[in-house]
file data_17.cif (mmCIF, C-alpha atoms and all ligand atoms)
data_entry
loop_
_atom_site.label_atom_id
_atom_site.label_comp_id
_atom_site.auth_asym_id
_atom_site.auth_seq_id
_atom_site.Cartn_x
_atom_site.Cartn_y
_atom_site.Cartn_z
CA MET A 1 0.00 0.00 0.00
CA GLN A 2 0.93 3.64 -0.24
CA LEU A 3 1.95 5.48 2.90
CA THR A 4 -1.09 6.89 4.64
CA SER A 5 -1.98 9.70 7.05
CA ALA A 6 -2.20 8.81 10.74
CA THR A 7 -5.50 10.57 11.48
CA PRO A 8 -8.05 8.01 10.19
CA LEU A 9 -6.10 5.14 11.75
CA LEU A 10 -5.89 6.84 15.13
CA ARG A 11 -9.54 7.85 15.08
CA ARG A 12 -10.55 4.26 14.40
CA ALA A 13 -8.27 3.07 17.22
CA LEU A 14 -9.74 5.63 19.61
CA ALA A 15 -13.30 4.61 18.77
CA ALA A 16 -12.59 0.90 19.20
CA ARG A 17 -10.27 1.34 22.23
CA TYR A 18 -6.96 -0.03 21.03
CA ALA A 19 -3.65 1.71 20.39
CA ILE A 20 -1.27 1.86 17.43
CA GLY A 21 2.46 1.61 17.99
CA GLY A 22 4.68 4.44 16.80
CA PHE A 23 7.87 2.42 16.37
CA ASN A 24 11.15 4.35 16.20
CA VAL A 25 13.55 2.93 13.64
CA GLN A 26 17.18 3.64 12.81
CA THR A 27 18.29 0.97 10.33
CA LEU A 28 16.98 -0.91 7.30
CA GLU A 29 16.59 -4.05 9.44
CA MET A 30 14.47 -2.19 12.00
CA VAL A 31 12.20 -0.86 9.25
CA GLN A 32 11.80 -4.37 7.84
CA ALA A 33 11.15 -5.81 11.30
CA VAL A 34 8.36 -3.32 11.98
CA VAL A 35 6.46 -3.73 8.70
CA GLU A 36 6.97 -7.51 8.44
CA THR A 37 5.54 -7.91 11.93
CA ALA A 38 2.66 -5.54 11.12
CA GLN A 39 1.85 -7.71 8.11
CA GLU A 40 2.04 -10.95 10.11
CA GLU A 41 -0.12 -9.46 12.89
CA ARG A 42 -2.52 -7.73 10.48
CA SER A 43 -1.89 -4.51 12.39
CA PRO A 44 -1.87 -0.88 11.25
CA VAL A 45 1.52 0.65 12.08
CA ILE A 46 3.37 3.93 12.40
CA LEU A 47 7.03 3.90 11.38
CA GLN A 48 8.82 6.87 12.85
CA PHE A 49 12.19 8.58 12.68
CA ASN A 50 13.34 11.14 15.23
CA PRO A 51 15.82 13.85 14.18
CA ALA A 52 18.87 11.92 15.42
CA ASN A 53 17.87 8.89 13.37
CA ILE A 54 17.12 11.04 10.32
CA GLN A 55 20.57 12.53 10.70
CA HIS A 56 21.98 8.99 10.80
CA VAL A 57 20.29 7.67 7.64
CA GLY A 58 19.53 10.93 5.81
CA MET A 59 16.09 12.41 5.11
CA ALA A 60 15.88 11.01 1.56
CA TYR A 61 16.84 7.50 2.71
CA ALA A 62 14.34 7.68 5.58
CA ALA A 63 11.53 8.66 3.21
CA ALA A 64 12.53 6.02 0.64
CA LEU A 65 12.67 3.32 3.31
CA GLY A 66 9.18 4.25 4.45
CA ARG A 67 7.80 4.22 0.90
CA VAL A 68 9.33 0.85 0.03
CA ALA A 69 8.27 -0.64 3.36
CA ALA A 70 4.65 0.44 2.88
CA ALA A 71 4.60 -0.88 -0.69
CA ALA A 72 5.84 -4.25 0.52
CA VAL A 73 2.82 -4.92 2.76
CA SER A 74 -0.98 -4.82 2.60
CA VAL A 75 -1.56 -3.22 6.02
CA PRO A 76 -1.65 0.59 6.47
CA VAL A 77 1.76 2.16 7.18
CA VAL A 78 2.31 5.76 8.30
CA LEU A 79 5.71 7.47 7.99
CA HIS A 80 5.96 9.88 10.90
CA LEU A 81 8.50 12.52 11.90
CA ASP A 82 8.97 12.11 15.65
CA HIS A 83 9.93 15.20 17.71
CA GLY A 84 10.28 17.58 14.79
CA ALA A 85 12.26 20.47 16.24
CA ASP A 86 11.22 23.37 14.02
CA PHE A 87 9.14 24.45 11.04
CA THR A 88 12.00 23.94 8.59
CA GLN A 89 12.50 20.33 9.61
CA ALA A 90 8.76 19.68 9.37
CA ALA A 91 8.71 21.17 5.87
CA ALA A 92 11.69 19.07 4.79
CA ALA A 93 10.03 15.87 6.03
CA LEU A 94 6.78 16.79 4.31
CA ARG A 95 8.54 17.40 1.02
CA ALA A 96 10.48 14.14 1.34
CA GLY A 97 7.21 12.20 1.63
CA PHE A 98 6.46 11.77 5.34
CA THR A 99 2.71 11.36 5.91
CA SER A 100 2.59 12.48 9.53
CA LEU A 101 4.55 15.11 11.44
CA MET A 102 5.15 15.75 15.09
CA TYR A 103 6.14 19.24 16.03
CA ASP A 104 7.58 19.35 19.54
CA GLY A 105 7.38 22.91 20.84
CA THR A 106 7.55 21.93 24.50
CA PRO A 107 10.93 23.63 25.04
CA TYR A 108 9.19 26.95 24.33
CA PRO A 109 6.61 29.04 26.19
CA LEU A 110 2.99 28.03 25.43
CA GLU A 111 2.28 30.95 23.08
CA GLN A 112 5.33 30.23 20.96
CA ASN A 113 4.53 26.51 20.93
CA ILE A 114 0.99 27.33 19.76
CA ALA A 115 2.21 29.75 17.08
CA ILE A 116 4.67 27.32 15.47
CA THR A 117 2.38 24.30 15.82
CA THR A 118 -0.34 26.28 14.02
CA GLN A 119 2.01 27.00 11.12
CA VAL A 120 3.00 23.33 10.88
CA CYS A 121 -0.68 22.31 10.90
CA GLN A 122 -1.62 24.77 8.15
CA MET A 123 1.20 23.48 5.95
CA ALA A 124 0.57 19.78 6.63
CA HIS A 125 -3.21 19.91 6.40
CA ALA A 126 -2.99 21.56 2.98
CA VAL A 127 -1.64 18.26 1.66
CA GLY A 128 -3.56 15.81 3.87
CA VAL A 129 -0.76 15.09 6.32
CA SER A 130 -1.51 14.69 10.04
CA VAL A 131 0.17 16.57 12.88
CA GLU A 132 0.90 15.47 16.44
CA GLY A 133 1.59 18.18 19.01
CA GLU A 134 2.67 17.98 22.62
CA ILE A 135 1.74 19.75 25.83
CA GLY A 136 3.61 19.25 29.09
CA GLN A 137 7.21 18.19 29.55
CA MET A 138 8.30 14.58 29.83
CA GLY A 139 11.28 13.57 31.86
CA GLY A 140 14.03 11.26 30.73
CA GLU A 141 16.39 11.21 27.81
CA GLU A 142 16.05 10.12 24.25
CA GLU A 143 19.06 10.48 22.06
CA GLY A 144 18.84 13.63 19.98
CA VAL A 145 15.54 14.68 21.50
CA PHE A 146 15.22 17.73 23.67
CA THR A 147 13.28 16.77 26.78
CA ALA A 148 12.46 18.59 29.97
CA GLN A 149 15.15 19.67 32.33
CA GLY A 150 14.58 18.11 35.72
CA ALA A 151 11.33 16.36 36.46
CA GLY A 152 9.30 18.24 33.85
CA ALA A 153 5.77 19.51 34.27
CA MET A 154 2.88 17.16 33.60
CA THR A 155 0.26 18.16 31.07
CA ASP A 156 -2.23 20.70 32.37
CA PRO A 157 -5.67 19.64 31.03
CA GLN A 158 -6.87 23.21 30.54
CA GLU A 159 -3.69 24.14 28.67
CA ALA A 160 -4.17 21.04 26.53
CA LEU A 161 -7.64 22.23 25.53
CA GLN A 162 -6.36 25.70 24.65
CA TYR A 163 -3.48 24.23 22.63
CA VAL A 164 -5.76 21.87 20.67
CA GLU A 165 -8.35 24.54 19.92
CA GLU A 166 -5.86 27.14 18.79
CA THR A 167 -3.51 24.94 16.76
CA GLY A 168 -5.77 22.42 15.00
CA VAL A 169 -3.52 19.42 15.76
CA ASP A 170 -4.81 15.94 14.95
CA ALA A 171 -3.27 14.10 17.91
CA LEU A 172 -1.89 15.21 21.26
CA ALA A 173 1.11 13.82 23.13
CA ILE A 174 0.79 14.26 26.88
CA ALA A 175 3.12 14.08 29.86
CA VAL A 176 1.48 11.96 32.54
CA GLY A 177 4.46 10.37 34.27
CA ASN A 178 5.84 8.72 31.12
CA THR A 179 9.60 8.91 30.59
CA HIS A 180 11.82 8.51 27.51
CA GLY A 181 14.56 5.88 27.46
CA MET A 182 13.42 3.60 30.29
CA ARG A 183 15.16 0.21 30.28
CA ALA A 184 12.31 -1.74 31.87
CA ALA A 185 8.53 -1.63 31.43
CA THR A 186 7.81 -0.86 35.05
CA GLY A 187 6.47 2.70 34.98
CA SER A 188 2.98 3.81 35.94
CA LEU A 189 0.93 6.71 34.56
CA ASP A 190 -1.23 9.38 36.15
CA MET A 191 -4.56 7.88 35.08
CA LYS A 192 -6.67 10.66 36.59
CA ARG A 193 -4.77 13.18 34.52
CA ILE A 194 -5.34 11.17 31.33
CA THR A 195 -9.07 11.21 32.06
CA ALA A 196 -9.00 14.92 32.90
CA VAL A 197 -7.40 15.63 29.49
CA ARG A 198 -9.81 13.22 27.79
CA GLU A 199 -12.81 15.06 29.25
CA ARG A 200 -11.65 18.27 27.56
CA VAL A 201 -9.92 16.98 24.42
CA GLU A 202 -11.61 14.58 21.99
CA LEU A 203 -8.49 13.95 19.91
CA PRO A 204 -6.36 10.81 19.87
CA LEU A 205 -3.95 10.98 22.83
CA VAL A 206 -0.35 9.82 22.53
CA ILE A 207 2.04 8.50 25.17
CA HIS A 208 5.77 8.71 24.43
CA GLY A 209 8.21 6.49 26.33
CA GLY A 210 6.00 3.43 25.75
CA SER A 211 8.91 1.07 26.43
CA GLY A 212 8.85 2.12 30.06
CA VAL A 213 5.13 1.71 30.76
CA SER A 214 3.93 -1.44 32.52
CA ASP A 215 1.49 -3.72 30.68
CA ALA A 216 -1.26 -2.98 33.19
CA ALA A 217 -0.79 0.78 32.80
CA VAL A 218 -0.83 0.46 29.00
CA ARG A 219 -4.18 -1.35 29.14
CA GLU A 220 -5.73 1.15 31.51
CA ALA A 221 -4.46 4.13 29.51
CA ILE A 222 -6.03 2.65 26.35
CA ALA A 223 -9.33 2.19 28.18
CA ARG A 224 -9.12 5.91 29.07
CA GLY A 225 -8.57 7.00 25.49
CA VAL A 226 -4.85 6.78 24.67
CA CYS A 227 -4.52 5.39 21.14
CA LYS A 228 -0.84 5.76 20.21
CA PHE A 229 2.20 4.61 22.16
CA ASN A 230 5.71 5.42 20.99
CA VAL A 231 8.22 2.61 21.35
CA ALA A 232 11.96 3.12 20.83
CA THR A 233 14.03 1.63 23.63
CA GLN A 234 12.58 -1.88 23.40
CA LEU A 235 13.43 -2.02 19.71
CA ASN A 236 16.94 -0.71 20.32
CA GLN A 237 17.46 -3.27 23.08
CA GLY A 238 16.18 -6.07 20.85
CA PHE A 239 18.44 -5.05 17.99
CA LEU A 240 21.55 -4.91 20.16
CA LEU A 241 20.72 -8.18 21.93
CA GLY A 242 20.23 -10.09 18.68
CA PHE A 243 23.37 -8.61 17.17
CA GLN A 244 25.47 -9.29 20.25
CA ARG A 245 24.28 -12.90 20.67
CA SER A 246 25.06 -13.66 17.05
CA LEU A 247 28.57 -12.24 17.36
CA GLN A 248 29.16 -14.16 20.56
CA ALA A 249 28.08 -17.37 18.86
CA HIS A 250 30.30 -16.70 15.83
CA PRO A 251 33.22 -14.61 17.12
CA ASP A 252 35.38 -15.29 14.04
CA THR A 253 32.84 -14.19 11.44
CA THR A 254 33.88 -11.57 8.91
CA ASN A 255 30.33 -11.05 7.59
CA PRO A 256 27.83 -8.86 9.48
CA ARG A 257 24.78 -10.25 7.71
CA ALA A 258 24.01 -13.06 10.14
CA ALA A 259 24.21 -10.67 13.09
CA LEU A 260 21.95 -8.14 11.31
CA ALA A 261 19.42 -10.89 10.57
CA ALA A 262 19.49 -11.98 14.23
CA ALA A 263 19.00 -8.35 15.27
CA ARG A 264 16.01 -8.07 12.93
CA GLU A 265 14.40 -11.18 14.45
CA GLN A 266 14.76 -9.79 17.98
CA VAL A 267 13.21 -6.49 16.93
CA LYS A 268 10.31 -8.37 15.37
CA GLU A 269 9.58 -10.13 18.66
CA ALA A 270 9.65 -6.79 20.53
CA VAL A 271 7.25 -5.26 17.99
CA ARG A 272 4.95 -8.28 18.09
CA ALA A 273 4.69 -8.20 21.90
CA ARG A 274 3.78 -4.50 21.87
CA MET A 275 1.22 -4.86 19.05
CA ARG A 276 -0.55 -7.62 20.93
CA LEU A 277 -0.52 -5.62 24.16
CA PHE A 278 -1.83 -2.52 22.35
CA GLY A 279 -4.64 -4.57 20.80
CA SER A 280 -3.78 -3.49 17.25
CA SER A 281 -3.19 -7.06 16.03
CA GLY A 282 -5.98 -8.14 13.71
CA LYS A 283 -7.20 -4.55 13.18
CA ALA A 284 -5.93 -4.16 9.59
ZN ZN B 301 9.18 11.03 22.43
#

call {"tool": "encode", "arguments": {"input": "data_17.cif", "output": "structure tokens", "more": "lines below"}}
Ligand SMILES: [Zn+2]
result
Amino acid sequence: MQLTSATPLLRRALAARYAIGGFNVQTLEMVQAVVETAQEERSPVILQFNPANIQHVGMAYAAALGRVAAAAVSVPVVLHLDHGADFTQAAAALRAGFTSLMYDGTPYPLEQNIAITTQVCQMAHAVGVSVEGEIGQMGGEEEGVFTAQGAGAMTDPQEALQYVEETGVDALAIAVGNTHGMRAATGSLDMKRITAVRERVELPLVIHGGSGVSDAAVREAIARGVCKFNVATQLNQGFLLGFQRSLQAHPDTTNPRAALAAAREQVKEAVRARMRLFGSSGKA
């Protein structure tokens, strides 16, 4: 299939109470792992590159990988810019062929965040591309992504409403105790805050740092209206584990292909586990 916009997929997920994974990729093998698993699971999927990963592979390669990946499968695939840092980057991704953009204005005061998000929405909506915005500041670290200094401030539900009404975003990332870069899925979320945002904002809600959220918290957040989880760390861990095990088993090899294939298999298992937890399996 051709790459598609995220909005209809997320709206369907919200209505039927499941979530779609936004899987962060950095190599060809990770892209293949995500779409092959989506096909096997019959799941809609969002492939996403953050700025550090775009810098690694190049914008044109990232867009081409997304296009080829979508064409290789019969389930819907979105190519999403994760944590776009400014208008210029959003425009470059749009021109390259991304079908969904996140603009992350959380480092800036609310009015500036609203002003730039509005510009990104006007540009993207003119060509049918969806936009994810963010309100509140998450803690934690993701390589190449600017996140809150210190503990960060959780999303204020009233501010979220103002942001959504003034910008026209299609999906809203919220800070409710989620953290980037967590090594274990043990974190909880502020469920009351999710519901407080939900009562004011009818849009699909997004939780970043999905690798660090416990299974129970994922299920409850979905029941309260979260319909996209971003997953990066679990894929990175799977890739490195598969690669490392293969090298340990064949320390004298001079060919990286077997290790890359093993890495791809481990990423597939990480993606499969998350899709089943999110309830997106069988929804495409
Ligand atoms: Zn994030």

call {"tool": "atom_distance", "arguments": {"input": "data_17.cif", "atom1": "atom CA of Ala92 of chain A", "atom2": "atom CA of Leu14 of chain A"}}
result
29.3 Å

call {"tool": "closest_residue", "arguments": {"input": "data_17.cif", "among": "A:Thr253, A:Ser100, A:Ser43, A:Asn24", "to": "Val231 of chain A", "atoms": "only C-alpha atoms"}}
result
A:Asn24

call {"tool": "residues_near_ligand", "arguments": {"input": "data_17.cif", "ligand": "ligand ZN 301 (chain B)", "cutoff": "7 Å", "atoms": "only C-alpha atoms and all ligand atoms", "output": "list of chain:residue names"}}
result
A:Asp82, A:His83, A:His180, A:His208, A:Gly209, A:Asn230

call {"tool": "closest_residue", "arguments": {"input": "data_17.cif", "among": "A:Ala284, A:His250, A:Gly139, A:Thr195", "to": "Gly177 of chain A", "atoms": "only C-alpha atoms"}}
result
A:Gly139

call {"tool": "closest_residue", "arguments": {"input": "data_17.cif", "among": "A:Gln266, A:Ser130, A:Thr233, A:Ser74", "to": "Ser246 of chain A", "atoms": "all atoms listed in the file"}}
result
A:Gln266

call {"tool": "closest_residue", "arguments": {"input": "data_17.cif", "among": "A:Ala52, A:Ala64, A:Val78, A:Leu235", "to": "Val271 of chain A", "atoms": "all atoms listed in the file"}}
result
A:Leu235

call {"tool": "residues_around", "arguments": {"input": "data_17.cif", "residues": "Leu172 of chain A", "least_positions_apart": "4", "cutoff": "7 Å", "atoms": "all atoms listed in the file", "output": "list in words"}}
result
Glu132, Gly133, Glu134, Leu203, Pro204, Leu205 and Val206 of chain A

call {"tool": "write_last_selection", "arguments": {"input": "data_17.cif", "atoms": "C-alpha atoms", "output": "compact mmCIF listing (two decimals), in the coordinates of the input"}}
result
# COMPACT_ATOMS: atom_id res chain seq x y z
CA GLU A 132 0.90 15.47 16.44
CA GLY A 133 1.59 18.18 19.01
CA GLU A 134 2.67 17.98 22.62
CA LEU A 203 -8.49 13.95 19.91
CA PRO A 204 -6.36 10.81 19.87
CA LEU A 205 -3.95 10.98 22.83
CA VAL A 206 -0.35 9.82 22.53

call {"tool": "closest_residue", "arguments": {"input": "data_17.cif", "among": "A:Leu241, A:Ala153, A:Ile194, A:Val68", "to": "Thr179 of chain A", "atoms": "all atoms listed in the file"}}
result
A:Ala153

call {"tool": "decode", "arguments": {"input": "data_17.cif", "residues": "segment 21-35 of chain A", "atoms": "all heavy atoms", "output": "PDB file, in the first residue's frame"}}
result
ATOM      1  N   GLY A  21       1.078   1.342  17.613  1.00  0.00           N
ATOM      2  CA  GLY A  21       2.464   1.614  17.993  1.00  0.00           C
ATOM      3  C   GLY A  21       3.102   2.596  17.027  1.00  0.00           C
ATOM      4  O   GLY A  21       2.961   2.459  15.815  1.00  0.00           O
ATOM      5  N   GLY A  22       3.795   3.579  17.577  1.00  0.00           N
ATOM      6  CA  GLY A  22       4.681   4.437  16.800  1.00  0.00           C
ATOM      7  C   GLY A  22       6.086   3.912  17.069  1.00  0.00           C
ATOM      8  O   GLY A  22       6.651   4.161  18.127  1.00  0.00           O
ATOM      9  N   PHE A  23       6.613   3.121  16.128  1.00  0.00           N
ATOM     10  CA  PHE A  23       7.870   2.417  16.375  1.00  0.00           C
ATOM     11  C   PHE A  23       9.043   3.203  15.788  1.00  0.00           C
ATOM     12  O   PHE A  23       9.091   3.447  14.581  1.00  0.00           O
ATOM     13  CB  PHE A  23       7.807   1.010  15.782  1.00  0.00           C
ATOM     14  CG  PHE A  23       6.781   0.129  16.459  1.00  0.00           C
ATOM     15  CD1 PHE A  23       5.542  -0.105  15.873  1.00  0.00           C
ATOM     16  CD2 PHE A  23       7.047  -0.439  17.696  1.00  0.00           C
ATOM     17  CE1 PHE A  23       4.598  -0.907  16.501  1.00  0.00           C
ATOM     18  CE2 PHE A  23       6.101  -1.239  18.343  1.00  0.00           C
ATOM     19  CZ  PHE A  23       4.877  -1.475  17.740  1.00  0.00           C
ATOM     20  N   ASN A  24       9.980   3.581  16.641  1.00  0.00           N
ATOM     21  CA  ASN A  24      11.148   4.345  16.201  1.00  0.00           C
ATOM     22  C   ASN A  24      12.185   3.417  15.586  1.00  0.00           C
ATOM     23  O   ASN A  24      12.574   2.425  16.194  1.00  0.00           O
ATOM     24  CB  ASN A  24      11.773   5.086  17.383  1.00  0.00           C
ATOM     25  CG  ASN A  24      11.000   6.340  17.722  1.00  0.00           C
ATOM     26  OD1 ASN A  24       9.986   6.266  18.400  1.00  0.00           O
ATOM     27  ND2 ASN A  24      11.449   7.479  17.230  1.00  0.00           N
ATOM     28  N   VAL A  25      12.613   3.770  14.386  1.00  0.00           N
ATOM     29  CA  VAL A  25      13.554   2.929  13.643  1.00  0.00           C
ATOM     30  C   VAL A  25      14.812   3.715  13.311  1.00  0.00           C
ATOM     31  O   VAL A  25      14.794   4.940  13.214  1.00  0.00           O
ATOM     32  CB  VAL A  25      12.901   2.402  12.346  1.00  0.00           C
ATOM     33  CG1 VAL A  25      11.811   1.394  12.667  1.00  0.00           C
ATOM     34  CG2 VAL A  25      12.323   3.545  11.516  1.00  0.00           C
ATOM     35  N   GLN A  26      15.921   2.985  13.161  1.00  0.00           N
ATOM     36  CA  GLN A  26      17.180   3.641  12.814  1.00  0.00           C
ATOM     37  C   GLN A  26      17.978   2.917  11.745  1.00  0.00           C
ATOM     38  O   GLN A  26      19.000   3.426  11.300  1.00  0.00           O
ATOM     39  CB  GLN A  26      18.091   3.830  14.028  1.00  0.00           C
ATOM     40  CG  GLN A  26      17.633   3.299  15.350  1.00  0.00           C
ATOM     41  CD  GLN A  26      18.614   3.653  16.454  1.00  0.00           C
ATOM     42  OE1 GLN A  26      19.807   3.467  16.287  1.00  0.00           O
ATOM     43  NE2 GLN A  26      18.128   4.168  17.563  1.00  0.00           N
ATOM     44  N   THR A  27      17.541   1.713  11.357  1.00  0.00           N
ATOM     45  CA  THR A  27      18.287   0.973  10.331  1.00  0.00           C
ATOM     46  C   THR A  27      17.291   0.291   9.395  1.00  0.00           C
ATOM     47  O   THR A  27      16.118   0.123   9.733  1.00  0.00           O
ATOM     48  CB  THR A  27      19.158  -0.149  10.934  1.00  0.00           C
ATOM     49  OG1 THR A  27      18.294  -1.198  11.401  1.00  0.00           O
ATOM     50  CG2 THR A  27      20.033   0.346  12.075  1.00  0.00           C
ATOM     51  N   LEU A  28      17.803  -0.142   8.246  1.00  0.00           N
ATOM     52  CA  LEU A  28      16.985  -0.908   7.299  1.00  0.00           C
ATOM     53  C   LEU A  28      16.338  -2.107   7.992  1.00  0.00           C
ATOM     54  O   LEU A  28      15.141  -2.364   7.814  1.00  0.00           O
ATOM     55  CB  LEU A  28      17.885  -1.401   6.146  1.00  0.00           C
ATOM     56  CG  LEU A  28      17.273  -2.487   5.255  1.00  0.00           C
ATOM     57  CD1 LEU A  28      16.072  -1.958   4.488  1.00  0.00           C
ATOM     58  CD2 LEU A  28      18.329  -3.026   4.289  1.00  0.00           C
ATOM     59  N   GLU A  29      17.120  -2.825   8.805  1.00  0.00           N
ATOM     60  CA  GLU A  29      16.593  -4.045   9.435  1.00  0.00           C
ATOM     61  C   GLU A  29      15.461  -3.725  10.400  1.00  0.00           C
ATOM     62  O   GLU A  29      14.516  -4.508  10.550  1.00  0.00           O
ATOM     63  CB  GLU A  29      17.711  -4.799  10.163  1.00  0.00           C
ATOM     64  CG  GLU A  29      18.734  -5.455   9.243  1.00  0.00           C
ATOM     65  CD  GLU A  29      19.749  -4.469   8.692  1.00  0.00           C
ATOM     66  OE1 GLU A  29      19.823  -3.312   9.190  1.00  0.00           O
ATOM     67  OE2 GLU A  29      20.477  -4.846   7.753  1.00  0.00           O
ATOM     68  N   MET A  30      15.549  -2.571  11.068  1.00  0.00           N
ATOM     69  CA  MET A  30      14.474  -2.195  11.995  1.00  0.00           C
ATOM     70  C   MET A  30      13.204  -1.846  11.218  1.00  0.00           C
ATOM     71  O   MET A  30      12.095  -2.201  11.631  1.00  0.00           O
ATOM     72  CB  MET A  30      14.921  -1.034  12.891  1.00  0.00           C
ATOM     73  CG  MET A  30      16.009  -1.458  13.873  1.00  0.00           C
ATOM     74  SD  MET A  30      16.693  -0.064  14.790  1.00  0.00           S
ATOM     75  CE  MET A  30      15.718  -0.168  16.274  1.00  0.00           C
ATOM     76  N   VAL A  31      13.356  -1.169  10.096  1.00  0.00           N
ATOM     77  CA  VAL A  31      12.196  -0.861   9.251  1.00  0.00           C
ATOM     78  C   VAL A  31      11.533  -2.157   8.794  1.00  0.00           C
ATOM     79  O   VAL A  31      10.310  -2.331   8.899  1.00  0.00           O
ATOM     80  CB  VAL A  31      12.632  -0.013   8.027  1.00  0.00           C
ATOM     81  CG1 VAL A  31      11.490   0.133   7.035  1.00  0.00           C
ATOM     82  CG2 VAL A  31      13.153   1.347   8.470  1.00  0.00           C
ATOM     83  N   GLN A  32      12.352  -3.085   8.300  1.00  0.00           N
ATOM     84  CA  GLN A  32      11.804  -4.372   7.838  1.00  0.00           C
ATOM     85  C   GLN A  32      11.115  -5.106   8.979  1.00  0.00           C
ATOM     86  O   GLN A  32      10.032  -5.682   8.798  1.00  0.00           O
ATOM     87  CB  GLN A  32      12.936  -5.247   7.273  1.00  0.00           C
ATOM     88  CG  GLN A  32      13.522  -4.706   5.980  1.00  0.00           C
ATOM     89  CD  GLN A  32      14.762  -5.464   5.559  1.00  0.00           C
ATOM     90  OE1 GLN A  32      15.555  -5.901   6.402  1.00  0.00           O
ATOM     91  NE2 GLN A  32      14.943  -5.643   4.261  1.00  0.00           N
ATOM     92  N   ALA A  33      11.722  -5.097  10.141  1.00  0.00           N
ATOM     93  CA  ALA A  33      11.155  -5.808  11.296  1.00  0.00           C
ATOM     94  C   ALA A  33       9.767  -5.257  11.630  1.00  0.00           C
ATOM     95  O   ALA A  33       8.834  -6.017  11.894  1.00  0.00           O
ATOM     96  CB  ALA A  33      12.082  -5.686  12.499  1.00  0.00           C
ATOM     97  N   VAL A  34       9.637  -3.938  11.603  1.00  0.00           N
ATOM     98  CA  VAL A  34       8.360  -3.322  11.985  1.00  0.00           C
ATOM     99  C   VAL A  34       7.267  -3.665  10.963  1.00  0.00           C
ATOM    100  O   VAL A  34       6.178  -4.106  11.335  1.00  0.00           O
ATOM    101  CB  VAL A  34       8.514  -1.789  12.138  1.00  0.00           C
ATOM    102  CG1 VAL A  34       7.155  -1.128  12.285  1.00  0.00           C
ATOM    103  CG2 VAL A  34       9.400  -1.466  13.337  1.00  0.00           C
ATOM    104  N   VAL A  35       7.550  -3.501   9.674  1.00  0.00           N
ATOM    105  CA  VAL A  35       6.462  -3.732   8.703  1.00  0.00           C
ATOM    106  C   VAL A  35       6.183  -5.222   8.497  1.00  0.00           C
ATOM    107  O   VAL A  35       5.031  -5.605   8.280  1.00  0.00           O
ATOM    108  CB  VAL A  35       6.671  -3.016   7.346  1.00  0.00           C
ATOM    109  CG1 VAL A  35       6.621  -1.516   7.516  1.00  0.00           C
ATOM    110  CG2 VAL A  35       7.931  -3.455   6.662  1.00  0.00           C
TER     111      VAL A  35
END
